[in-house]
Amino acid sequence: MSAISSSLSRVGTIAGNTFLEAVRQRFFIALLVLAAGLLVSTEFLREFNFGASEVRFIADIGFGALVLFGSVLTITVTAQLFFAEIESRTALTLLAKPVRRGEFIVGKFLGVWLVVLIFCVIVTLLVCAVLATREAEILAADPDAGDALVSYGAVIAAAAVQWVKFGVLGAITLLLGSYSNTNLFSVATALLVLVICHLQYLARDVWERGGSAVAQVGAGLLGLLFPNFQLFNLADLVTAGEPFGAALIVRVTLYGLAYIAVFLALASFSFRRREI
Amino acid sequence: MSDAPQPAVEIRGLTKDFPLNLRGLRLRAVDDLTLEIPRGCVHGLLGPNGSGKSTTIKVLLGLLRRTRGTCRVLGCESDDPAVRARIGYLPESPDFHRFLTGRELVRYYARLCGVARAGREARAAEMLEWVGLTAAADRRIGSYSKGMLQRVGLAQALVHDPELVILDEPTAGVDPVGSADIVRLILKLKEAGKTVLVTSHLLAQAEDVCDRIAILNRGKLIAAGTVDQLVSRSGALSFVVEGMPPDAVGELRAWLDTRGWRLASAGPHRSRLDELFLERIRKSEEGA
């Protein structure tokens, strides 16, 4: 077996074990139930008789559940599974095998990302099911409403891009965990970074409008250090009924993958220096 | 060039400091340690708590970075991950993924060590049988006793057939029966030609199982050699005489005096407590 295929096999083994550990945790199930509950509760909103805009409202709630619970799941599961290996000292036996620190980090990341993928798929299917049910009812009641109220392809694409964003968030959490000593610190800092990444475009706007060279450089650095999570919000376009092309999806996905690669490389470098 | 076989472990001038605070205060856990472990022997690393045994082992495994000195394991630098494919390691008080069964755990480590898919299942089963866990192989590790954890730990350490086996306090917290089982497994490893590096607080047990011993205190090597070299008293012999009445000891002492020798100690021959315990347990189980 070549060195590369051996390395990939070890990464896959760690990812598989991480995935198994995560799905056996009740937290994952609890978040899934919460998200599903929130989504199914939109069924009761029909009493308000929103008409066609109700479909957008349901999509909004669905994506809100996906973003909120997906972010919480990504941060907590990544930090928890990483620190569980350190605190229960299973990392001792694992890293005493021919496993490189980088392989450990990437394996952990892929395992969590796979868990988040399952979460995204289930929530997206639920969103689509609720939307389809309501769309059919609206169209049956009002034949003049048109042929279709929802673009399911756009819903799926927007959810897929959110999954890429969760990947960036997971990689950030691993980077924080690679040098911090406690799970709590990593979770708290990752939540803070999540807020910064969602709001960094506002700060950049303000600084860039300030006009000075220092402000421009500051805005540039901020934009480089913290990925702009607003770019991943294609769900806003879906709920606003604005179409978007494949080029935008590819561009945002590549942007996310580049950040994932950089954060994982930094996490591996930082973890390589850590004494177990 | 010497034809002597390369030692399994060569440590030269190893020093390991841990930073204690930001002002540069450091704790020296291992202090200028030089040690060689020949291949094919059971080598004990003894010492009180905090003497640097586990730190030395972690440096050998690349889990800690050395401050100074060199460490070579099986002819390679100790921080080379590739060499760890030839080492098996059981940490002190091991804990494993509790959501896995014993079989899944051993298979998991076999995959990490690159054991070929074709023989992986059989190898895992063989190791579980070797450590006496076949009956519990499909139970979750969360339900294992301390002794069973040690044994499944031993199975994962050996699943890739390593040349060097490092066991950190393998009998810590294990009852005397489990402890004797582990000693038997170590002796089986020796018979199989493996090099075993073992740390222990139980000195009598170390004496029984080890060919060579190194004693550390406060990170420094204070004694090293074969067990016989370390525990023998030069110019003294010991006998166990059966059927001799106690009042004949005076007669024997007098005879020895006439030859210019001195009887240093005499008394009833006692079994060791661990031997007595194991014998009684075995008998009670045979009777049950």
# chains A, B, ... in the order shown; residues from 1 in each chain; ligands from 1
call {"tool": "interface_residues", "arguments": {"of": "chain A", "to": "chain B", "cutoff": "6 Å", "atoms": "only C-alpha atoms", "output": "ChimeraX atom specification"}}
result
/A:10,90,96-98,275-276
call {"tool": "closest_atom_pairs", "arguments": {"of": "segment 175-205 of chain A", "to": "segment 225-228 of chain A", "cutoff": "9 Å", "atoms": "only C-alpha atoms", "output": "tab-separated table"}}
result
residue	atom	partner	partner_atom	distance
A:Val193	CA	A:Phe226	CA	7.8
A:Ile196	CA	A:Phe226	CA	7.3
A:Cys197	CA	A:Asn228	CA	5.3
A:His198	CA	A:Asn228	CA	6.3
A:Leu199	CA	A:Asn228	CA	7.8
A:Gln200	CA	A:Asn228	CA	6.4
A:Tyr201	CA	A:Asn228	CA	6.6
call {"tool": "atom_distance", "arguments": {"atom1": "atom CA of Val177 of chain B", "atom2": "atom CA of Arg282 of chain B"}}
result
9.2 Å
call {"tool": "residues_around", "arguments": {"residues": "Phe28 of chain A", "least_positions_apart": "3", "cutoff": "12 Å", "atoms": "only C-alpha atoms", "output": "PyMOL selection string"}}
result
chain A and resi 19-25+31-35+69-70+72-78+80+112+115-120+122
call {"tool": "write_last_selection", "arguments": {"atoms": "N, CA and C atoms", "output": "compact mmCIF listing (two decimals), in the first residue's frame"}}
result
# COMPACT_ATOMS: atom_id res chain seq x y z
N PHE A 19 -17.75 9.60 13.16
CA PHE A 19 -19.15 9.63 12.72
C PHE A 19 -20.01 8.73 13.61
N LEU A 20 -19.48 7.51 13.84
CA LEU A 20 -20.23 6.54 14.64
C LEU A 20 -20.46 7.08 16.06
N GLU A 21 -19.42 7.69 16.62
CA GLU A 21 -19.51 8.24 17.98
C GLU A 21 -20.55 9.37 18.02
N ALA A 22 -20.50 10.22 16.99
CA ALA A 22 -21.41 11.39 16.97
C ALA A 22 -22.86 10.97 16.84
N VAL A 23 -23.15 10.02 15.94
CA VAL A 23 -24.56 9.66 15.74
C VAL A 23 -25.11 8.88 16.93
N ARG A 24 -24.22 8.31 17.73
CA ARG A 24 -24.71 7.60 18.91
C ARG A 24 -24.93 8.54 20.09
N GLN A 25 -24.61 9.83 19.88
CA GLN A 25 -24.84 10.79 20.96
C GLN A 25 -26.28 11.30 20.89
N LEU A 31 -31.19 17.62 18.62
CA LEU A 31 -31.21 18.77 17.70
C LEU A 31 -32.07 18.48 16.48
N LEU A 32 -31.97 17.24 16.02
CA LEU A 32 -32.76 16.84 14.85
C LEU A 32 -34.25 16.94 15.16
N VAL A 33 -34.63 16.47 16.35
CA VAL A 33 -36.04 16.51 16.76
C VAL A 33 -36.49 17.96 16.90
N LEU A 34 -35.63 18.80 17.49
CA LEU A 34 -35.96 20.22 17.66
C LEU A 34 -36.19 20.89 16.31
N ALA A 35 -35.26 20.64 15.38
CA ALA A 35 -35.38 21.26 14.06
C ALA A 35 -36.64 20.78 13.36
N PHE A 69 -29.64 25.33 14.26
CA PHE A 69 -29.30 24.04 14.86
C PHE A 69 -28.07 23.41 14.20
N GLY A 70 -27.89 23.68 12.91
CA GLY A 70 -26.69 23.17 12.23
C GLY A 70 -25.43 23.79 12.80
N VAL A 72 -25.07 25.10 15.86
CA VAL A 72 -24.88 24.59 17.23
C VAL A 72 -24.33 23.16 17.17
N LEU A 73 -24.91 22.35 16.29
CA LEU A 73 -24.44 20.96 16.16
C LEU A 73 -22.98 20.91 15.73
N THR A 74 -22.62 21.72 14.73
CA THR A 74 -21.25 21.68 14.22
C THR A 74 -20.25 22.05 15.31
N ILE A 75 -20.52 23.16 16.00
CA ILE A 75 -19.56 23.64 17.00
C ILE A 75 -19.46 22.66 18.17
N THR A 76 -20.61 22.28 18.72
CA THR A 76 -20.56 21.45 19.93
C THR A 76 -20.03 20.05 19.65
N VAL A 77 -20.48 19.46 18.56
CA VAL A 77 -20.03 18.10 18.28
C VAL A 77 -18.54 18.09 17.93
N THR A 78 -18.08 19.07 17.16
CA THR A 78 -16.65 19.11 16.82
C THR A 78 -15.81 19.24 18.10
N GLN A 80 -16.70 18.70 21.23
CA GLN A 80 -16.91 17.60 22.17
C GLN A 80 -16.12 16.36 21.75
N VAL A 112 -17.16 14.64 11.56
CA VAL A 112 -18.18 15.61 12.00
C VAL A 112 -18.93 16.18 10.78
N VAL A 115 -21.58 13.90 9.74
CA VAL A 115 -22.73 13.97 10.66
C VAL A 115 -23.60 15.18 10.29
N VAL A 116 -22.93 16.30 10.04
CA VAL A 116 -23.66 17.53 9.71
C VAL A 116 -24.38 17.37 8.36
N LEU A 117 -23.75 16.61 7.46
CA LEU A 117 -24.39 16.35 6.16
C LEU A 117 -25.71 15.59 6.37
N ILE A 118 -25.66 14.58 7.23
CA ILE A 118 -26.88 13.80 7.49
C ILE A 118 -27.97 14.72 8.06
N PHE A 119 -27.54 15.59 9.00
CA PHE A 119 -28.47 16.54 9.60
C PHE A 119 -29.08 17.44 8.52
N CYS A 120 -28.21 17.98 7.64
CA CYS A 120 -28.68 18.89 6.59
C CYS A 120 -29.65 18.18 5.64
N ILE A 122 -31.56 15.55 6.23
CA ILE A 122 -32.85 15.27 6.88
C ILE A 122 -33.69 16.54 7.00
call {"tool": "closest_residue", "arguments": {"among": "B:Lys16, B:His201, B:Lys190, B:Arg107", "to": "Glu169 of chain B", "atoms": "only C-alpha atoms"}}
result
B:His201
call {"tool": "residues_around", "arguments": {"residues": "Ala223 of chain B", "least_positions_apart": "4", "cutoff": "9 Å", "atoms": "only C-alpha atoms", "output": "PyMOL selection string"}}
result
chain B and resi 213-216+230
call {"tool": "select_by_dssp", "arguments": {"residues": "segment 1-106 of chain B", "states": "alpha helix (DSSP H)", "output": "number ranges by chain"}}
result
B: 53-60, 102-106
call {"tool": "atom_distance", "arguments": {"atom1": "atom CA of Gly16 of chain A", "atom2": "atom CA of Val155 of chain A"}}
result
28.5 Å
call {"tool": "closest_residue", "arguments": {"among": "A:Phe166, A:Trp113, A:Phe83, A:Tyr152", "to": "Thr239 of chain A", "atoms": "only C-alpha atoms"}}
result
A:Tyr152
call {"tool": "residues_around", "arguments": {"residues": "Ala258 of chain A", "least_positions_apart": "3", "cutoff": "12 Å", "atoms": "only C-alpha atoms", "output": "ChimeraX atom specification"}}
result
/A:164-165,167-168,171,224,227,251-255,261-265
call {"tool": "write_last_selection", "arguments": {"atoms": "N, CA and C atoms", "output": "PDB file, in the first residue's frame"}}
result
ATOM      1  N   VAL A 164     -21.537  23.544   3.331  1.00  0.00           N
ATOM      2  CA  VAL A 164     -20.137  23.967   3.127  1.00  0.00           C
ATOM      3  C   VAL A 164     -19.752  24.971   4.224  1.00  0.00           C
ATOM      4  N   LYS A 165     -20.684  25.872   4.531  1.00  0.00           N
ATOM      5  CA  LYS A 165     -20.406  26.861   5.595  1.00  0.00           C
ATOM      6  C   LYS A 165     -20.174  26.159   6.937  1.00  0.00           C
ATOM      7  N   GLY A 167     -18.931  23.338   7.293  1.00  0.00           N
ATOM      8  CA  GLY A 167     -17.573  22.780   7.182  1.00  0.00           C
ATOM      9  C   GLY A 167     -16.536  23.803   7.623  1.00  0.00           C
ATOM     10  N   VAL A 168     -16.716  25.048   7.158  1.00  0.00           N
ATOM     11  CA  VAL A 168     -15.783  26.123   7.556  1.00  0.00           C
ATOM     12  C   VAL A 168     -15.850  26.301   9.074  1.00  0.00           C
ATOM     13  N   ALA A 171     -14.041  23.500  10.845  1.00  0.00           N
ATOM     14  CA  ALA A 171     -12.586  23.644  10.739  1.00  0.00           C
ATOM     15  C   ALA A 171     -12.090  24.733  11.701  1.00  0.00           C
ATOM     16  N   LEU A 224     -10.050  38.844   5.335  1.00  0.00           N
ATOM     17  CA  LEU A 224      -9.181  37.695   5.051  1.00  0.00           C
ATOM     18  C   LEU A 224      -9.198  36.694   6.211  1.00  0.00           C
ATOM     19  N   PRO A 227     -13.954  34.424   7.382  1.00  0.00           N
ATOM     20  CA  PRO A 227     -14.752  34.259   6.160  1.00  0.00           C
ATOM     21  C   PRO A 227     -16.094  34.962   6.291  1.00  0.00           C
ATOM     22  N   ARG A 251     -18.812  29.345  -6.995  1.00  0.00           N
ATOM     23  CA  ARG A 251     -17.908  30.368  -6.443  1.00  0.00           C
ATOM     24  C   ARG A 251     -17.930  30.322  -4.899  1.00  0.00           C
ATOM     25  N   VAL A 252     -19.115  30.259  -4.333  1.00  0.00           N
ATOM     26  CA  VAL A 252     -19.244  30.251  -2.869  1.00  0.00           C
ATOM     27  C   VAL A 252     -18.669  28.942  -2.294  1.00  0.00           C
ATOM     28  N   THR A 253     -18.919  27.836  -2.993  1.00  0.00           N
ATOM     29  CA  THR A 253     -18.399  26.541  -2.530  1.00  0.00           C
ATOM     30  C   THR A 253     -16.866  26.553  -2.522  1.00  0.00           C
ATOM     31  N   LEU A 254     -16.276  27.068  -3.597  1.00  0.00           N
ATOM     32  CA  LEU A 254     -14.802  27.122  -3.658  1.00  0.00           C
ATOM     33  C   LEU A 254     -14.243  28.032  -2.560  1.00  0.00           C
ATOM     34  N   TYR A 255     -14.937  29.133  -2.329  1.00  0.00           N
ATOM     35  CA  TYR A 255     -14.547  30.067  -1.253  1.00  0.00           C
ATOM     36  C   TYR A 255     -14.534  29.313   0.092  1.00  0.00           C
ATOM     37  N   ALA A 261      -9.596  24.292   3.906  1.00  0.00           N
ATOM     38  CA  ALA A 261      -8.213  23.786   3.730  1.00  0.00           C
ATOM     39  C   ALA A 261      -7.236  24.583   4.594  1.00  0.00           C
ATOM     40  N   VAL A 262      -7.381  25.908   4.589  1.00  0.00           N
ATOM     41  CA  VAL A 262      -6.454  26.754   5.355  1.00  0.00           C
ATOM     42  C   VAL A 262      -6.611  26.499   6.863  1.00  0.00           C
ATOM     43  N   PHE A 263      -7.859  26.464   7.339  1.00  0.00           N
ATOM     44  CA  PHE A 263      -8.073  26.274   8.787  1.00  0.00           C
ATOM     45  C   PHE A 263      -7.618  24.875   9.231  1.00  0.00           C
ATOM     46  N   LEU A 264      -7.826  23.877   8.390  1.00  0.00           N
ATOM     47  CA  LEU A 264      -7.378  22.527   8.772  1.00  0.00           C
ATOM     48  C   LEU A 264      -5.846  22.443   8.786  1.00  0.00           C
ATOM     49  N   ALA A 265      -5.214  23.125   7.840  1.00  0.00           N
ATOM     50  CA  ALA A 265      -3.741  23.135   7.814  1.00  0.00           C
ATOM     51  C   ALA A 265      -3.211  23.812   9.085  1.00  0.00           C
TER      52      ALA A 265
END
call {"tool": "closest_residue", "arguments": {"among": "B:Arg218, B:Arg39, B:Lys283, B:Arg72", "to": "Lys194 of chain B", "atoms": "only C-alpha atoms"}}
result
B:Arg39
call {"tool": "atom_distance", "arguments": {"atom1": "atom CA of Gln162 of chain A", "atom2": "atom CA of Phe232 of chain A"}}
result
6.1 Å
call {"tool": "closest_residue", "arguments": {"among": "A:Phe104, A:Tyr179, A:Phe63, A:Phe185", "to": "Leu8 of chain A", "atoms": "only C-alpha atoms"}}
result
A:Phe104
call {"tool": "residues_around", "arguments": {"residues": "Val131 of chain B", "least_positions_apart": "6", "cutoff": "12 Å", "atoms": "only C-alpha atoms", "output": "list in words"}}
result
Gly102, Val106, Ala124, Ala125, Ala137, Gly147, Met148, Leu149, Gln150, Arg151, Val152, Gly153, Leu154, Ala155, Gln156, Ala157, Leu158, Val159, Gly178, Asp181, Ile182, Val183, Arg184, Leu185, Ile186, Lys188 and Leu189 of chain B
call {"tool": "decode", "arguments": {"residues": "segment 127-141 of chain B", "atoms": "C-alpha atoms", "output": "PDB file, in the first residue's frame"}}
result
ATOM      1  CA  MET B 127      -5.884 -11.306  19.786  1.00  0.00           C
ATOM      2  CA  LEU B 128      -9.162 -11.286  21.714  1.00  0.00           C
ATOM      3  CA  GLU B 129      -8.780 -14.994  22.297  1.00  0.00           C
ATOM      4  CA  TRP B 130      -5.138 -14.527  23.295  1.00  0.00           C
ATOM      5  CA  VAL B 131      -6.117 -12.101  26.049  1.00  0.00           C
ATOM      6  CA  GLY B 132      -9.116 -14.225  27.091  1.00  0.00           C
ATOM      7  CA  LEU B 133     -11.865 -11.878  25.914  1.00  0.00           C
ATOM      8  CA  THR B 134     -13.578 -13.998  23.271  1.00  0.00           C
ATOM      9  CA  ALA B 135     -16.741 -14.372  25.358  1.00  0.00           C
ATOM     10  CA  ALA B 136     -16.998 -10.592  25.909  1.00  0.00           C
ATOM     11  CA  ALA B 137     -15.818  -9.554  22.440  1.00  0.00           C
ATOM     12  CA  ASP B 138     -19.239  -8.367  21.304  1.00  0.00           C
ATOM     13  CA  ARG B 139     -20.085  -6.459  24.466  1.00  0.00           C
ATOM     14  CA  ARG B 140     -19.772  -2.667  24.612  1.00  0.00           C
ATOM     15  CA  ILE B 141     -16.525  -1.546  26.234  1.00  0.00           C
TER      16      ILE B 141
END
